[in-house]
Amino acid sequence: MNPKKTSISLVLGGGGARGLTHIGVIRCLEELGYDIRYISGSSIGALIGGIYATGKLDIYSEWVSALEKSDIVRLMDWSFRGGALLKGERIISVLRDLIGDSNIEDLPIGFTAVATSLYEEREIWLNSGPLFSAIRASIAVPMIFKPTVHGDRLLVDGSLINPIPIAPTLNNHTDLTIAVDLCAPPEQPLHLGEKTPAEQNSGFYRSNINRFIDNLWSKNELKDKNEPLGVFDLLTRTMDTMQNSIARLKLAAYSPDILVEIPRNLCGFFEFDRAEQLIEYGYQRAHETLSKTVFSPGEDTVREESQNMAE
């Protein structure tokens, strides 16, 4: 397949730090000449997709790739009220200063962030208004970040109901729909590569911070099954279990033309300090998937069936 001038709708799923692989996927798509016309995202997918839509993904990539665990701690604005451990405003403020805010309808490409309305018990598509307000709603992981109020709605993480939001792209006039699933089945063995020298040779202060975070949210798949789960481990394992099940149902109902699968045991939910390795993994995974894909625009029956279901 010659991807030159092939327009695509890109669907970016939710899944914590695994979402940094979205950056690598996007880089691969651009390198191969795909024209990304529309993005739909849940949770971290909304964050990465929204920033890409502003044209400033490289700025974010450089920033997140420099993060160490001590930096992640400083981004945490602890709050033990409102049913969440973190307020979630500090990280959004930092990103807004880094990227600059804008209204979604003014972005050069189409964008939808998916959130969950708790009162209405359904997904909400945010495709207008301030970009980072939409992103903040979509990443509001229950018990981690405080919910956001949008009119008379109380919004939380979009992945709670739709971890792979394909439906918002169904009426797009693009050649392909490509989705990135962060909830794919576990694979063994997985190697992200070594940490940077700065991380390996951290001093006493940084070592203590690293140990604290490792104990707080270790990688679930590495824990002994007989070992008691901590609060974060229990929460992230519960979220992963729920999202994995919902993702399978969504993919059965709305099949994309191409699916890039990221195994759910790739990293821990909060391992944002592995950005460089995760971005590279996403790039390689996308390249492998696309190199095996053969698509004929005249055989787009999957999308037609999905549109009929939506109607």
# chains A, B, ... in the order shown; residues from 1 in each chain; ligands from 1
>>> select_by_dssp(residues="stretch 32-133 of chain A", states="strand (DSSP E)", output="JSON, numbers by chain")
{"A": [35, 36, 37, 38, 39, 40, 41, 42, 110, 111, 112, 113, 114, 115, 116, 117, 122, 123, 124, 125, 126]}
>>> residues_around(residues="A:Ala115", least_positions_apart="2", cutoff="9 Å", atoms="only C-alpha atoms", output="PyMOL selection string")
chain A and resi 42-43+113+117+122-126+134-135+137-140+155-162
>>> write_last_selection(atoms="N, CA and C atoms", output="PDB file, in the first residue's frame")
ATOM      1  N   SER A  42      -9.588   9.056  24.301  1.00  0.00           N
ATOM      2  CA  SER A  42     -10.048   8.930  25.686  1.00  0.00           C
ATOM      3  C   SER A  42      -8.852   8.996  26.616  1.00  0.00           C
ATOM      4  N   SER A  43      -9.000   9.726  27.722  1.00  0.00           N
ATOM      5  CA  SER A  43      -7.996   9.774  28.773  1.00  0.00           C
ATOM      6  C   SER A  43      -6.647  10.238  28.211  1.00  0.00           C
ATOM      7  N   ALA A 113     -12.570  14.833  22.462  1.00  0.00           N
ATOM      8  CA  ALA A 113     -12.156  14.185  23.706  1.00  0.00           C
ATOM      9  C   ALA A 113     -13.388  13.525  24.302  1.00  0.00           C
ATOM     10  N   SER A 117     -20.055  10.979  31.759  1.00  0.00           N
ATOM     11  CA  SER A 117     -20.958  11.724  32.630  1.00  0.00           C
ATOM     12  C   SER A 117     -21.514  10.771  33.684  1.00  0.00           C
ATOM     13  N   ARG A 122     -23.310   7.879  30.800  1.00  0.00           N
ATOM     14  CA  ARG A 122     -23.015   7.706  29.381  1.00  0.00           C
ATOM     15  C   ARG A 122     -21.784   8.529  29.009  1.00  0.00           C
ATOM     16  N   GLU A 123     -21.244   8.239  27.821  1.00  0.00           N
ATOM     17  CA  GLU A 123     -20.082   8.989  27.352  1.00  0.00           C
ATOM     18  C   GLU A 123     -20.506  10.327  26.772  1.00  0.00           C
ATOM     19  N   ILE A 124     -19.630  11.303  26.910  1.00  0.00           N
ATOM     20  CA  ILE A 124     -19.864  12.657  26.399  1.00  0.00           C
ATOM     21  C   ILE A 124     -18.737  13.001  25.437  1.00  0.00           C
ATOM     22  N   TRP A 125     -19.092  13.501  24.257  1.00  0.00           N
ATOM     23  CA  TRP A 125     -18.096  13.909  23.276  1.00  0.00           C
ATOM     24  C   TRP A 125     -17.855  15.402  23.395  1.00  0.00           C
ATOM     25  N   LEU A 126     -16.636  15.762  23.722  1.00  0.00           N
ATOM     26  CA  LEU A 126     -16.257  17.167  23.872  1.00  0.00           C
ATOM     27  C   LEU A 126     -15.492  17.599  22.627  1.00  0.00           C
ATOM     28  N   ALA A 134     -11.423  20.196  28.136  1.00  0.00           N
ATOM     29  CA  ALA A 134     -11.874  18.898  27.620  1.00  0.00           C
ATOM     30  C   ALA A 134     -10.894  17.797  28.013  1.00  0.00           C
ATOM     31  N   ILE A 135      -9.605  18.081  27.896  1.00  0.00           N
ATOM     32  CA  ILE A 135      -8.592  17.090  28.266  1.00  0.00           C
ATOM     33  C   ILE A 135      -8.670  16.777  29.751  1.00  0.00           C
ATOM     34  N   ALA A 137     -11.207  16.869  31.711  1.00  0.00           N
ATOM     35  CA  ALA A 137     -12.364  16.014  31.980  1.00  0.00           C
ATOM     36  C   ALA A 137     -12.082  14.577  31.563  1.00  0.00           C
ATOM     37  N   SER A 138     -11.447  14.412  30.417  1.00  0.00           N
ATOM     38  CA  SER A 138     -11.229  13.074  29.872  1.00  0.00           C
ATOM     39  C   SER A 138     -10.220  12.262  30.676  1.00  0.00           C
ATOM     40  N   ILE A 139      -9.281  12.924  31.371  1.00  0.00           N
ATOM     41  CA  ILE A 139      -8.251  12.196  32.120  1.00  0.00           C
ATOM     42  C   ILE A 139      -8.582  12.042  33.607  1.00  0.00           C
ATOM     43  N   ALA A 140      -9.793  12.405  34.008  1.00  0.00           N
ATOM     44  CA  ALA A 140     -10.159  12.380  35.428  1.00  0.00           C
ATOM     45  C   ALA A 140     -10.404  10.944  35.909  1.00  0.00           C
ATOM     46  N   LEU A 155     -18.083  15.106  35.180  1.00  0.00           N
ATOM     47  CA  LEU A 155     -17.360  14.302  34.203  1.00  0.00           C
ATOM     48  C   LEU A 155     -16.123  13.646  34.790  1.00  0.00           C
ATOM     49  N   VAL A 156     -15.901  12.402  34.368  1.00  0.00           N
ATOM     50  CA  VAL A 156     -14.705  11.655  34.751  1.00  0.00           C
ATOM     51  C   VAL A 156     -14.102  11.020  33.497  1.00  0.00           C
ATOM     52  N   ASP A 157     -13.068  10.242  33.711  1.00  0.00           N
ATOM     53  CA  ASP A 157     -12.287   9.597  32.657  1.00  0.00           C
ATOM     54  C   ASP A 157     -13.163   8.956  31.576  1.00  0.00           C
ATOM     55  N   GLY A 158     -12.878   9.290  30.313  1.00  0.00           N
ATOM     56  CA  GLY A 158     -13.634   8.724  29.210  1.00  0.00           C
ATOM     57  C   GLY A 158     -13.453   7.228  29.064  1.00  0.00           C
ATOM     58  N   SER A 159     -12.300   6.702  29.521  1.00  0.00           N
ATOM     59  CA  SER A 159     -12.036   5.271  29.398  1.00  0.00           C
ATOM     60  C   SER A 159     -12.931   4.429  30.286  1.00  0.00           C
ATOM     61  N   LEU A 160     -13.605   5.074  31.210  1.00  0.00           N
ATOM     62  CA  LEU A 160     -14.514   4.346  32.086  1.00  0.00           C
ATOM     63  C   LEU A 160     -15.614   3.660  31.282  1.00  0.00           C
ATOM     64  N   ILE A 161     -16.040   4.292  30.178  1.00  0.00           N
ATOM     65  CA  ILE A 161     -17.093   3.746  29.331  1.00  0.00           C
ATOM     66  C   ILE A 161     -16.581   3.407  27.932  1.00  0.00           C
ATOM     67  N   ASN A 162     -15.629   4.188  27.430  1.00  0.00           N
ATOM     68  CA  ASN A 162     -15.162   3.976  26.062  1.00  0.00           C
ATOM     69  C   ASN A 162     -13.651   4.157  25.946  1.00  0.00           C
TER      70      ASN A 162
END
>>> residues_around(residues="A:Thr21", least_positions_apart="2", cutoff="8 Å", atoms="only C-alpha atoms", output="number ranges by chain")
A: 18-19, 23-25, 262, 278-283
>>> write_last_selection(atoms="all heavy atoms", output="compact mmCIF listing (two decimals), in the first residue's frame")
# COMPACT_ATOMS: atom_id res chain seq x y z
N ARG A 18 1.04 4.04 29.30
CA ARG A 18 1.15 3.35 28.01
C ARG A 18 0.77 4.29 26.87
O ARG A 18 1.17 4.07 25.72
CB ARG A 18 0.25 2.11 27.99
CG ARG A 18 0.64 1.04 28.98
CD ARG A 18 -0.10 -0.27 28.72
NE ARG A 18 -1.54 -0.16 28.82
CZ ARG A 18 -2.25 -0.24 29.95
NH1 ARG A 18 -1.61 -0.42 31.11
NH2 ARG A 18 -3.56 -0.16 29.95
N GLY A 19 -0.01 5.32 27.19
CA GLY A 19 -0.42 6.27 26.17
C GLY A 19 0.72 7.05 25.55
O GLY A 19 0.54 7.65 24.48
N ILE A 23 2.60 8.75 20.93
CA ILE A 23 3.52 9.70 20.29
C ILE A 23 4.34 8.99 19.22
O ILE A 23 4.51 9.49 18.10
CB ILE A 23 4.44 10.35 21.33
CG1 ILE A 23 3.63 11.12 22.37
CG2 ILE A 23 5.46 11.27 20.66
CD1 ILE A 23 4.45 11.68 23.52
N GLY A 24 4.84 7.80 19.54
CA GLY A 24 5.60 7.02 18.57
C GLY A 24 4.76 6.60 17.39
O GLY A 24 5.23 6.60 16.24
N VAL A 25 3.50 6.23 17.64
CA VAL A 25 2.60 5.85 16.56
C VAL A 25 2.39 7.03 15.61
O VAL A 25 2.46 6.89 14.38
CB VAL A 25 1.24 5.37 17.11
CG1 VAL A 25 0.24 5.16 15.98
CG2 VAL A 25 1.41 4.09 17.92
N ILE A 262 -1.12 -2.31 21.72
CA ILE A 262 -0.08 -2.12 22.73
C ILE A 262 -0.42 -3.03 23.91
O ILE A 262 -1.49 -2.86 24.52
CB ILE A 262 -0.02 -0.65 23.20
CG1 ILE A 262 0.16 0.30 22.01
CG2 ILE A 262 1.07 -0.48 24.24
CD1 ILE A 262 1.46 0.12 21.26
N LEU A 278 8.95 4.31 25.82
CA LEU A 278 7.58 4.06 25.42
C LEU A 278 7.30 4.66 24.04
O LEU A 278 6.60 4.06 23.21
CB LEU A 278 6.62 4.64 26.46
CG LEU A 278 6.58 3.89 27.79
CD1 LEU A 278 5.88 4.72 28.86
CD2 LEU A 278 5.88 2.54 27.63
N ILE A 279 7.82 5.84 23.78
CA ILE A 279 7.64 6.48 22.46
C ILE A 279 8.28 5.61 21.37
O ILE A 279 7.68 5.38 20.32
CB ILE A 279 8.25 7.89 22.46
CG1 ILE A 279 7.43 8.82 23.37
CG2 ILE A 279 8.30 8.46 21.04
CD1 ILE A 279 8.09 10.17 23.62
N GLU A 280 9.47 5.13 21.64
CA GLU A 280 10.16 4.28 20.67
C GLU A 280 9.40 2.97 20.44
O GLU A 280 9.27 2.49 19.31
CB GLU A 280 11.58 3.97 21.14
CG GLU A 280 12.37 3.04 20.25
CD GLU A 280 12.58 3.57 18.83
OE1 GLU A 280 12.51 4.81 18.64
OE2 GLU A 280 12.80 2.75 17.92
N TYR A 281 8.85 2.40 21.52
CA TYR A 281 8.08 1.18 21.39
C TYR A 281 6.85 1.41 20.51
O TYR A 281 6.53 0.60 19.64
CB TYR A 281 7.65 0.67 22.76
CG TYR A 281 6.94 -0.68 22.71
CD1 TYR A 281 7.65 -1.86 22.84
CD2 TYR A 281 5.56 -0.75 22.51
CE1 TYR A 281 7.01 -3.09 22.78
CE2 TYR A 281 4.91 -1.98 22.43
CZ TYR A 281 5.64 -3.14 22.57
OH TYR A 281 5.00 -4.35 22.51
N GLY A 282 6.15 2.53 20.73
CA GLY A 282 4.99 2.85 19.92
C GLY A 282 5.33 3.00 18.45
O GLY A 282 4.59 2.53 17.57
N TYR A 283 6.46 3.62 18.17
CA TYR A 283 6.91 3.79 16.79
C TYR A 283 7.15 2.43 16.13
O TYR A 283 6.67 2.17 15.02
CB TYR A 283 8.19 4.62 16.75
CG TYR A 283 8.78 4.79 15.36
CD1 TYR A 283 8.42 5.86 14.56
CD2 TYR A 283 9.69 3.86 14.86
CE1 TYR A 283 8.95 6.00 13.28
CE2 TYR A 283 10.22 3.98 13.59
CZ TYR A 283 9.83 5.06 12.81
OH TYR A 283 10.35 5.19 11.54
>>> atom_distance(atom1="atom CA of A:Met76", atom2="atom CA of A:Gly88")
7.4 Å
>>> residues_around(residues="A:Tyr254", least_positions_apart="2", cutoff="7 Å", atoms="only C-alpha atoms", output="list in words")
Ile166, Ala167, Lys250, Leu251, Ala252, Pro256 and Ser306 of chain A
>>> select_by_dssp(residues="stretch 23-248 of chain A", states="alpha helix (DSSP H)", output="number ranges by chain")
A: 23-31, 44-54, 57-65, 69-74, 89-99, 131-138, 197-200, 204-216, 231-248
>>> atom_distance(atom1="atom CA of A:Leu182", atom2="atom CA of A:Ala247")
9.1 Å
>>> closest_residue(among="A:Ile91, A:Leu259, A:Cys267, A:Leu235", to="A:Pro186", atoms="only C-alpha atoms")
A:Cys267
